[in-house]
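The next block is coords-v6.txt, given as compact mmCIF, C-alpha atoms and all ligand atoms.
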# COMPACT_ATOMS: atom_id res chain seq x y z
CA MET A 1 0.00 0.00 0.00
CA THR A 2 1.48 3.37 -0.95
CA ILE A 3 0.89 6.46 1.06
CA ILE A 4 1.84 9.75 -0.53
CA THR A 5 3.73 11.69 2.07
CA ASN A 6 4.38 14.84 0.09
CA GLN A 7 1.89 17.21 1.72
CA PHE A 8 2.87 20.32 -0.09
CA LYS A 9 1.11 19.72 -3.35
CA PHE A 10 -2.25 19.08 -1.68
CA ARG A 11 -2.31 22.12 0.53
CA LEU A 12 -3.83 24.55 -1.93
CA PRO A 13 -6.65 22.38 -3.28
CA ILE A 14 -7.87 21.49 0.22
CA LYS A 15 -8.18 25.16 1.19
CA GLU A 16 -9.91 26.06 -2.04
CA LEU A 17 -12.43 23.26 -1.74
CA ILE A 18 -13.30 24.10 1.81
CA ALA A 19 -13.77 27.78 1.04
CA ARG A 20 -16.21 26.86 -1.73
CA ASP A 21 -18.24 24.67 0.59
CA LYS A 22 -18.79 27.46 3.07
CA VAL A 23 -21.74 29.05 1.30
CA PHE A 24 -24.00 26.06 0.76
CA GLY A 25 -23.10 22.99 2.77
CA PHE A 26 -25.55 20.83 0.81
CA MET A 27 -23.48 21.41 -2.30
CA GLN A 28 -20.69 19.40 -0.76
CA PRO A 29 -19.64 16.58 -3.01
CA GLN A 30 -20.68 13.07 -2.09
CA GLN A 31 -17.01 12.28 -1.93
CA HIS A 32 -14.27 14.76 -1.28
CA PRO A 33 -12.26 14.82 -4.52
CA LEU A 34 -9.04 14.19 -2.64
CA ILE A 35 -10.27 11.04 -0.92
CA ASP A 36 -8.58 8.26 -2.79
CA THR A 37 -9.69 4.82 -1.71
CA ARG A 38 -8.21 2.85 -4.57
CA HIS A 39 -6.61 0.62 -1.99
CA ASN A 40 -10.05 0.04 -0.46
CA ILE A 41 -8.94 1.50 2.87
CA LEU A 42 -10.73 4.65 3.97
CA LEU A 43 -9.10 5.30 7.33
CA TYR A 44 -5.51 4.54 8.32
CA LEU A 45 -4.00 5.09 11.72
CA GLU A 46 -0.40 3.91 11.93
CA GLY A 47 1.99 3.98 14.86
CA VAL A 48 -0.03 6.63 16.68
CA ASN A 49 1.14 7.77 20.12
CA LYS A 50 -0.30 10.29 22.56
CA THR A 51 0.94 11.07 26.04
CA PHE A 52 -0.94 13.21 28.57
CA ASP A 53 1.31 14.49 31.38
CA GLY A 54 3.60 11.48 31.10
CA PHE A 55 0.69 8.99 30.80
CA LYS A 56 0.55 7.03 27.54
CA ALA A 57 -3.11 7.19 26.52
CA ILE A 58 -2.42 5.93 22.96
CA ASP A 59 0.50 3.58 22.46
CA ASP A 60 1.70 2.57 18.98
CA PHE A 61 -1.88 2.26 17.79
CA ASN A 62 -2.80 0.94 14.33
CA LEU A 63 -6.27 0.84 12.78
CA TYR A 64 -7.33 0.23 9.18
CA ILE A 65 -10.97 0.70 8.22
CA LYS A 66 -12.13 -0.36 4.77
CA GLU A 67 -14.54 1.60 2.62
CA GLY A 68 -18.08 0.77 3.70
CA GLU A 69 -16.91 -1.24 6.70
CA LEU A 70 -18.74 -1.31 10.03
CA ARG A 71 -16.25 -1.79 12.90
CA CYS A 72 -16.94 -2.00 16.61
CA ILE A 73 -14.29 -0.89 19.09
CA ILE A 74 -14.50 -2.15 22.64
CA GLY A 75 -12.20 -1.83 25.62
CA PRO A 76 -12.27 -1.03 29.31
CA ASN A 77 -12.60 2.51 30.63
CA GLY A 78 -9.45 4.49 30.02
CA ALA A 79 -8.35 2.25 27.11
CA GLY A 80 -8.02 5.32 24.87
CA LYS A 81 -11.14 4.93 22.72
CA THR A 82 -12.35 8.53 23.01
CA THR A 83 -8.80 9.86 22.59
CA MET A 84 -8.51 7.80 19.40
CA MET A 85 -11.69 9.45 18.06
CA ASP A 86 -10.38 12.88 19.13
CA ILE A 87 -7.24 12.20 17.10
CA ILE A 88 -9.19 11.19 13.98
CA THR A 89 -11.37 14.32 14.16
CA GLY A 90 -8.44 16.66 14.81
CA LYS A 91 -9.53 17.60 18.34
CA THR A 92 -6.34 16.11 19.78
CA ARG A 93 -2.98 16.01 18.00
CA PRO A 94 -0.90 12.86 18.48
CA ASP A 95 2.77 13.09 19.46
CA SER A 96 3.70 10.85 16.54
CA GLY A 97 2.20 8.54 13.94
CA GLN A 98 0.14 8.80 10.77
CA VAL A 99 -3.58 9.47 10.32
CA TRP A 100 -4.96 9.41 6.76
CA LEU A 101 -8.37 9.50 5.14
CA GLY A 102 -7.90 7.47 1.99
CA SER A 103 -4.34 7.55 0.73
CA ARG A 104 -4.20 11.27 -0.03
CA LEU A 105 -5.70 13.25 2.86
CA ASN A 106 -3.32 13.59 5.78
CA LEU A 107 -5.67 14.43 8.64
CA LEU A 108 -2.77 15.62 10.80
CA THR A 109 -2.32 18.66 8.54
CA MET A 110 -6.01 19.61 8.67
CA THR A 111 -8.13 21.54 11.19
CA GLU A 112 -11.21 20.03 12.87
CA ALA A 113 -13.49 21.94 10.47
CA GLN A 114 -11.52 20.78 7.43
CA ILE A 115 -11.68 17.16 8.59
CA ALA A 116 -15.45 17.43 9.12
CA ASN A 117 -15.87 18.99 5.68
CA ALA A 118 -13.79 16.23 4.11
CA GLY A 119 -16.45 13.74 5.23
CA VAL A 120 -15.75 12.67 8.81
CA GLY A 121 -18.90 12.89 10.96
CA ARG A 122 -18.87 12.30 14.70
CA LYS A 123 -21.74 11.50 16.97
CA PHE A 124 -21.08 12.29 20.60
CA GLN A 125 -22.74 10.45 23.48
CA LYS A 126 -25.01 13.33 24.41
CA PRO A 127 -27.49 14.24 21.66
CA THR A 128 -27.21 17.82 20.46
CA VAL A 129 -30.55 18.12 18.69
CA ILE A 130 -32.39 21.44 19.03
CA GLY A 131 -35.36 20.56 21.25
CA CYS A 132 -37.70 23.38 20.27
CA LEU A 133 -37.40 22.70 16.53
CA SER A 134 -39.22 19.93 14.68
CA VAL A 135 -37.47 16.77 13.57
CA TRP A 136 -37.70 18.02 9.98
CA HIS A 137 -36.10 21.38 10.82
CA ASN A 138 -33.29 19.74 12.73
CA LEU A 139 -32.48 17.68 9.64
CA GLU A 140 -32.83 20.72 7.42
CA LEU A 141 -30.34 22.67 9.50
CA ALA A 142 -27.94 19.74 9.55
CA MET A 143 -27.91 19.71 5.77
CA ALA A 144 -26.19 23.05 5.77
CA GLY A 145 -23.52 22.33 8.31
CA PRO A 146 -22.69 24.71 11.10
CA ARG A 147 -21.50 27.59 8.96
CA SER A 148 -24.51 28.19 6.77
CA VAL A 149 -27.45 27.99 9.13
CA TRP A 150 -28.66 31.45 8.18
CA ALA A 151 -28.50 30.67 4.46
CA THR A 152 -30.60 27.55 5.07
CA PHE A 153 -33.36 29.44 6.84
CA ARG A 154 -33.65 31.83 3.94
CA ALA A 155 -33.28 29.30 1.14
CA LYS A 156 -36.03 26.95 -0.01
CA LEU A 157 -35.21 23.30 -0.26
CA THR A 158 -34.98 21.92 -3.77
CA GLY A 159 -37.02 18.84 -4.66
CA GLU A 160 -33.90 16.75 -4.53
CA GLN A 161 -33.04 17.97 -1.06
CA LYS A 162 -36.57 17.26 0.17
CA ASP A 163 -36.29 13.73 -1.21
CA LYS A 164 -33.01 13.23 0.57
CA LEU A 165 -34.45 14.53 3.82
CA ALA A 166 -37.49 12.27 3.49
CA SER A 167 -35.34 9.21 2.77
CA ILE A 168 -33.23 9.88 5.86
CA LEU A 169 -36.40 10.33 7.94
CA THR A 170 -37.50 6.88 6.82
CA LEU A 171 -34.08 5.36 7.46
CA ILE A 172 -34.05 6.63 11.08
CA GLN A 173 -37.72 5.58 11.46
CA LEU A 174 -38.94 9.06 12.31
CA HIS A 175 -41.14 9.60 9.23
CA ASP A 176 -44.25 9.74 11.44
CA HIS A 177 -42.59 12.27 13.72
CA ALA A 178 -41.38 14.84 11.19
CA ASN A 179 -43.39 17.70 12.70
CA ILE A 180 -42.83 16.84 16.33
CA ALA A 181 -40.50 19.02 18.38
CA ALA A 182 -37.25 17.10 18.81
CA GLY A 183 -37.39 17.78 22.55
CA ASN A 184 -40.46 15.51 22.78
CA LEU A 185 -38.75 12.47 21.25
CA SER A 186 -37.65 9.51 23.37
CA HIS A 187 -33.98 9.18 24.25
CA GLY A 188 -33.47 6.56 21.52
CA GLN A 189 -35.28 8.62 18.90
CA LYS A 190 -33.07 11.61 19.71
CA GLN A 191 -30.00 9.46 19.11
CA TRP A 192 -31.36 8.36 15.72
CA LEU A 193 -32.21 11.93 14.80
CA GLU A 194 -28.64 12.87 15.57
CA ILE A 195 -27.37 10.07 13.33
CA GLY A 196 -29.78 11.34 10.64
CA MET A 197 -28.37 14.84 11.07
CA LEU A 198 -24.87 13.52 10.45
CA LEU A 199 -26.09 11.64 7.38
CA MET A 200 -27.48 14.86 5.90
CA GLN A 201 -23.87 15.87 5.30
CA ASN A 202 -22.95 12.75 3.33
CA PRO A 203 -20.09 11.61 5.56
CA LYS A 204 -17.69 9.02 4.21
CA LEU A 205 -16.78 8.02 7.75
CA LEU A 206 -19.07 8.08 10.78
CA LEU A 207 -17.66 7.86 14.29
CA VAL A 208 -20.23 6.90 16.88
CA ASP A 209 -19.40 6.96 20.62
CA GLU A 210 -21.56 4.69 22.83
CA PRO A 211 -24.79 4.96 20.84
CA VAL A 212 -26.95 2.65 22.97
CA ALA A 213 -26.18 3.96 26.47
CA GLY A 214 -29.54 4.44 28.20
CA MET A 215 -31.59 2.79 25.44
CA THR A 216 -34.29 0.14 25.85
CA HIS A 217 -33.68 -3.31 24.33
CA GLN A 218 -36.02 -2.55 21.48
CA GLU A 219 -34.23 0.72 20.75
CA MET A 220 -30.90 -1.11 20.85
CA ASP A 221 -32.08 -3.62 18.23
CA ARG A 222 -33.30 -0.80 16.05
CA THR A 223 -29.95 1.02 16.42
CA ALA A 224 -28.05 -2.12 15.43
CA GLU A 225 -30.26 -2.42 12.34
CA LEU A 226 -29.70 1.23 11.48
CA LEU A 227 -25.90 1.01 11.78
CA ILE A 228 -25.79 -2.25 9.80
CA GLY A 229 -27.89 -0.52 7.13
CA LEU A 230 -25.38 2.36 6.89
CA ALA A 231 -22.44 0.07 6.22
CA GLY A 232 -21.66 -0.24 2.54
CA LYS A 233 -22.54 3.38 1.84
CA HIS A 234 -20.49 4.75 4.74
CA SER A 235 -17.64 3.44 6.85
CA VAL A 236 -18.84 3.35 10.45
CA VAL A 237 -16.71 3.07 13.59
CA VAL A 238 -18.74 2.37 16.73
CA VAL A 239 -17.29 2.55 20.23
CA GLU A 240 -19.57 0.63 22.57
CA HIS A 241 -19.53 -0.98 26.01
CA ASP A 242 -22.67 -3.04 25.69
CA MET A 243 -21.52 -6.53 24.72
CA ASP A 244 -24.98 -7.75 23.67
CA PHE A 245 -25.17 -4.85 21.27
CA VAL A 246 -21.72 -5.56 19.81
CA ARG A 247 -22.69 -9.22 19.43
CA SER A 248 -25.88 -8.28 17.60
CA ILE A 249 -23.95 -6.12 15.13
CA ASP A 250 -21.69 -9.08 14.34
CA SER A 251 -18.95 -7.06 12.61
CA GLN A 252 -15.19 -7.12 13.01
CA VAL A 253 -14.30 -6.02 16.52
CA THR A 254 -11.15 -4.26 17.70
CA VAL A 255 -10.31 -4.60 21.38
CA MET A 256 -8.35 -1.67 22.80
CA HIS A 257 -6.38 -1.88 26.00
CA GLN A 258 -3.92 0.63 27.44
CA GLY A 259 -3.87 2.61 24.21
CA HIS A 260 -3.11 -0.23 21.82
CA VAL A 261 -4.86 -3.03 19.95
CA LEU A 262 -5.11 -6.16 22.05
CA ALA A 263 -7.09 -8.26 19.58
CA GLU A 264 -9.03 -7.96 16.36
CA GLY A 265 -11.56 -10.29 14.74
CA THR A 266 -15.12 -11.48 14.96
CA MET A 267 -16.84 -11.38 18.32
CA SER A 268 -16.79 -15.17 18.59
CA LYS A 269 -13.03 -15.19 17.90
CA ILE A 270 -12.09 -12.47 20.36
CA GLN A 271 -14.27 -14.02 23.05
CA GLN A 272 -11.84 -16.95 23.03
CA HIS A 273 -8.77 -14.69 23.30
CA PRO A 274 -7.26 -15.30 26.77
CA GLN A 275 -5.97 -11.74 27.26
CA VAL A 276 -9.31 -10.26 26.18
CA ILE A 277 -11.11 -12.47 28.66
CA ASP A 278 -8.65 -11.36 31.28
CA VAL A 279 -8.80 -7.59 30.81
CA TYR A 280 -12.30 -7.07 29.57
CA LEU A 281 -14.83 -9.81 29.08
CA GLY A 282 -13.93 -11.54 32.32
CA GLY A 283 -14.80 -8.42 34.25
CA SER A 284 -18.12 -7.68 32.53
N1 LIG B 301 -7.08 15.73 28.00
C1 LIG B 301 -6.57 14.79 28.78
N2 LIG B 301 -5.65 15.10 29.72
C2 LIG B 301 -5.13 14.15 30.51
N3 LIG B 301 -5.43 12.83 30.45
C3 LIG B 301 -6.34 12.47 29.54
C4 LIG B 301 -6.96 13.41 28.65
N4 LIG B 301 -7.82 12.74 27.85
C5 LIG B 301 -7.74 11.44 28.20
N5 LIG B 301 -6.85 11.28 29.20
C6 LIG B 301 -6.50 10.00 29.81
O1 LIG B 301 -6.21 9.09 28.78
C7 LIG B 301 -6.73 7.81 29.08
C8 LIG B 301 -7.65 7.34 27.97
O2 LIG B 301 -8.84 8.06 28.07
P1 LIG B 301 -10.05 7.88 27.06
O3 LIG B 301 -9.55 8.04 25.68
O4 LIG B 301 -11.13 8.81 27.49
O5 LIG B 301 -10.47 6.38 27.33
P2 LIG B 301 -11.83 5.59 26.97
O6 LIG B 301 -12.63 6.44 26.06
O7 LIG B 301 -11.36 4.30 26.35
O8 LIG B 301 -12.50 5.34 28.29
C9 LIG B 301 -7.40 7.91 30.45
O9 LIG B 301 -6.50 7.46 31.43
C10 LIG B 301 -7.66 9.40 30.59
O10 LIG B 301 -7.64 9.78 31.94
MG MG B 302 -14.65 7.18 26.21

As C-alpha cells, what does this structure read like?
Ligand SMILES: Nc1ncnc2c1ncn2[C@@H]1O[C@H](COP(=O)(O)OP(=O)(O)O)[C@@H](O)[C@H]1O
Ligand SMILES: [Mg+2]
Amino acid sequence: MTIITNQFKFRLPIKELIARDKVFGFMQPQQHPLIDTRHNILLYLEGVNKTFDGFKAIDDFNLYIKEGELRCIIGPNGAGKTTMMDIITGKTRPDSGQVWLGSRLNLLTMTEAQIANAGVGRKFQKPTVIGCLSVWHNLELAMAGPRSVWATFRAKLTGEQKDKLASILTLIQLHDHANIAAGNLSHGQKQWLEIGMLLMQNPKLLLVDEPVAGMTHQEMDRTAELLIGLAGKHSVVVVEHDMDFVRSIDSQVTVMHQGHVLAEGTMSKIQQHPQVIDVYLGGS
C-alpha cells in the first residue's frame, strides 16, 4: 500500500475546496475529490502515540478501516477509545504517527473543520438536537452544516433535497414524527435523529461513541439495524460498552487496552482470546 507523504502539493486544493463549501453545505460533493480509496482503505491510523502528562493514553496504535466497513471498538474505561476518536477528528494532536483519510488526505495537517468537511462525521454520546425545533427542521439545519445555518433558513429546499431529507427520515424511522419538536422524542429517537443529522452531510466516515447507552432493548435492536444498514454506503466506527449490542452487530471487533490493539476479529473469535477475557470480558 502506498501512502503519498508529500503534503505540499495538496495544501492549496484542500483550502480552495473548503472555502467553496462554506456558502451552501448541501453542495458538498458526495465524496471529497481528494479522498482516494483505490486501496479500499478509507481510514488509516499507523503507529499513533499520545501522552498526557507522562501517561501514555495511545501507544503505537494501528487501525485500518475499509470503505463501507462497520467496525466496533471495545475496551475497558481508560483504554483510549475517546482519545482515538479525538485524534481522527483533529480535536487532539498525536505526538507521533500517521492518520490518513484514503491515501491522499493527511488528517494531521487539517483543522477540525476541514476534517469534518472532508467527510468525517462524529456523533457524541449526548445528543445535540435542538429541542424546540421539529425533527424536519433539525435535519434541514444539519444539511447546511454549522456555517450556513442562516443561508438555510432563507433558502427553499430543492425537490432533490426534500427527497433526501425524506429518505433519511425513513431510514431513522422518524417519518411519522417529522413535525414533532425534537425535545419531545424519546432518548433513543433523539439518538437516531442525531445520526440522521450527520447523514445529511454525506459523511464518508461516521464515528459513533456509545450509541446505545440508556436505550431500551427494542431501541438497541433498532440502532443495530440502522448502523448495519449504513455500512456499505459509509464506513462506520462504533465505540460501545454493551456486549450484547456488539454481538448483535456481528462485525469485526477491535479490542483496545492501554492505548493499543489487544485483539481484532469477529466477536466469537475475540471471546476466546485469553488476554481479552482477562482484561475485559472476564470483568463484565
Ligand atoms: N485531555 C486529557 N488530559 C489528561 N489525560 C487524559 C486526557 N484525555 C484522556 N486522558 C487520559 O487518557 C486515558 C484514555 O482516556 P479515554 O480516551 O477517554 O479512554 P476511553 O474512552 O477508552 O474510556 C485515560 O486514562 C484518561 O484519563
Ligand atoms: Mg470514552

Go through A:Leu171, A:Leu63, A:Val99, A:Ala263 one by one, measure the shortest atom-to-atom distance of each to Leu230 (chain A) using only C-alpha atoms, and give the residue with the smallest value.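 Under the stated criterion, the closest residue is A:Leu171.
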
Expressed in Å to a single decimal, how great is the separation between atom O1 of ligand LIG 301 (chain B) and CA of Asn106 (chain A)?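 Going from atom O1 of ligand LIG 301 (chain B) over to CA of Asn106 (chain A), I get 23.6 Å.
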
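What separates CA of Arg247 (chain A) from CA of Ala224 (chain A) is a distance of 9.8 Å.
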
Could you tell me, counting all atoms listed in the file, which protein and nucleic acid residues lie no more than 10 Å from ligand LIG 301 (chain B), written as an MDAnalysis selection string? chainID A and resid 50:58 73:87 92 209:210 239:241 256:259

Any idea what the distance is between CA of Cys72 (chain A) and CA of Pro94 (chain A)?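 The value is 21.9 Å.
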
Region 154-165 of chain A surroundings by only C-alpha atoms, 9 Å radius, close-in-sequence under 6 positions cut, as a list in words: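 Once the nearby chain positions are removed, what remains is Phe26, Trp136, Leu139, Glu140, Met143, Gly196 and Met200 of chain A.
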
Your completed region 88-101 of chain A with N, CA and C atoms, as a PDB file, keeping the file's coordinate frame:
ATOM      1  N   ILE A  88      -8.676  11.291  15.360  1.00  0.00           N
ATOM      2  CA  ILE A  88      -9.190  11.190  13.980  1.00  0.00           C
ATOM      3  C   ILE A  88      -9.861  12.507  13.567  1.00  0.00           C
ATOM      4  N   THR A  89     -10.601  13.109  14.506  1.00  0.00           N
ATOM      5  CA  THR A  89     -11.370  14.320  14.160  1.00  0.00           C
ATOM      6  C   THR A  89     -10.554  15.607  14.298  1.00  0.00           C
ATOM      7  N   GLY A  90      -9.301  15.490  14.722  1.00  0.00           N
ATOM      8  CA  GLY A  90      -8.440  16.660  14.810  1.00  0.00           C
ATOM      9  C   GLY A  90      -8.582  17.438  16.109  1.00  0.00           C
ATOM     10  N   LYS A  91      -9.352  16.901  17.055  1.00  0.00           N
ATOM     11  CA  LYS A  91      -9.530  17.600  18.340  1.00  0.00           C
ATOM     12  C   LYS A  91      -8.259  17.482  19.171  1.00  0.00           C
ATOM     13  N   THR A  92      -7.601  16.339  19.074  1.00  0.00           N
ATOM     14  CA  THR A  92      -6.340  16.110  19.780  1.00  0.00           C
ATOM     15  C   THR A  92      -5.268  15.757  18.752  1.00  0.00           C
ATOM     16  N   ARG A  93      -4.089  16.349  18.903  1.00  0.00           N
ATOM     17  CA  ARG A  93      -2.980  16.010  18.000  1.00  0.00           C
ATOM     18  C   ARG A  93      -2.113  14.941  18.634  1.00  0.00           C
ATOM     19  N   PRO A  94      -1.790  13.873  17.901  1.00  0.00           N
ATOM     20  CA  PRO A  94      -0.900  12.860  18.480  1.00  0.00           C
ATOM     21  C   PRO A  94       0.541  13.365  18.541  1.00  0.00           C
ATOM     22  N   ASP A  95       1.350  12.720  19.379  1.00  0.00           N
ATOM     23  CA  ASP A  95       2.770  13.090  19.460  1.00  0.00           C
ATOM     24  C   ASP A  95       3.516  12.567  18.239  1.00  0.00           C
ATOM     25  N   SER A  96       3.088  11.416  17.742  1.00  0.00           N
ATOM     26  CA  SER A  96       3.700  10.850  16.540  1.00  0.00           C
ATOM     27  C   SER A  96       2.715   9.900  15.884  1.00  0.00           C
ATOM     28  N   GLY A  97       3.053   9.481  14.667  1.00  0.00           N
ATOM     29  CA  GLY A  97       2.200   8.540  13.940  1.00  0.00           C
ATOM     30  C   GLY A  97       1.551   9.186  12.721  1.00  0.00           C
ATOM     31  N   GLN A  98       0.771   8.388  12.019  1.00  0.00           N
ATOM     32  CA  GLN A  98       0.140   8.800  10.770  1.00  0.00           C
ATOM     33  C   GLN A  98      -1.371   8.631  10.882  1.00  0.00           C
ATOM     34  N   VAL A  99      -2.112   9.600  10.375  1.00  0.00           N
ATOM     35  CA  VAL A  99      -3.580   9.470  10.320  1.00  0.00           C
ATOM     36  C   VAL A  99      -4.036   9.975   8.959  1.00  0.00           C
ATOM     37  N   TRP A 100      -4.586   9.069   8.141  1.00  0.00           N
ATOM     38  CA  TRP A 100      -4.960   9.410   6.760  1.00  0.00           C
ATOM     39  C   TRP A 100      -6.398   9.028   6.473  1.00  0.00           C
ATOM     40  N   LEU A 101      -7.042   9.855   5.659  1.00  0.00           N
ATOM     41  CA  LEU A 101      -8.370   9.500   5.140  1.00  0.00           C
ATOM     42  C   LEU A 101      -8.143   9.165   3.665  1.00  0.00           C
TER      43      LEU A 101
END
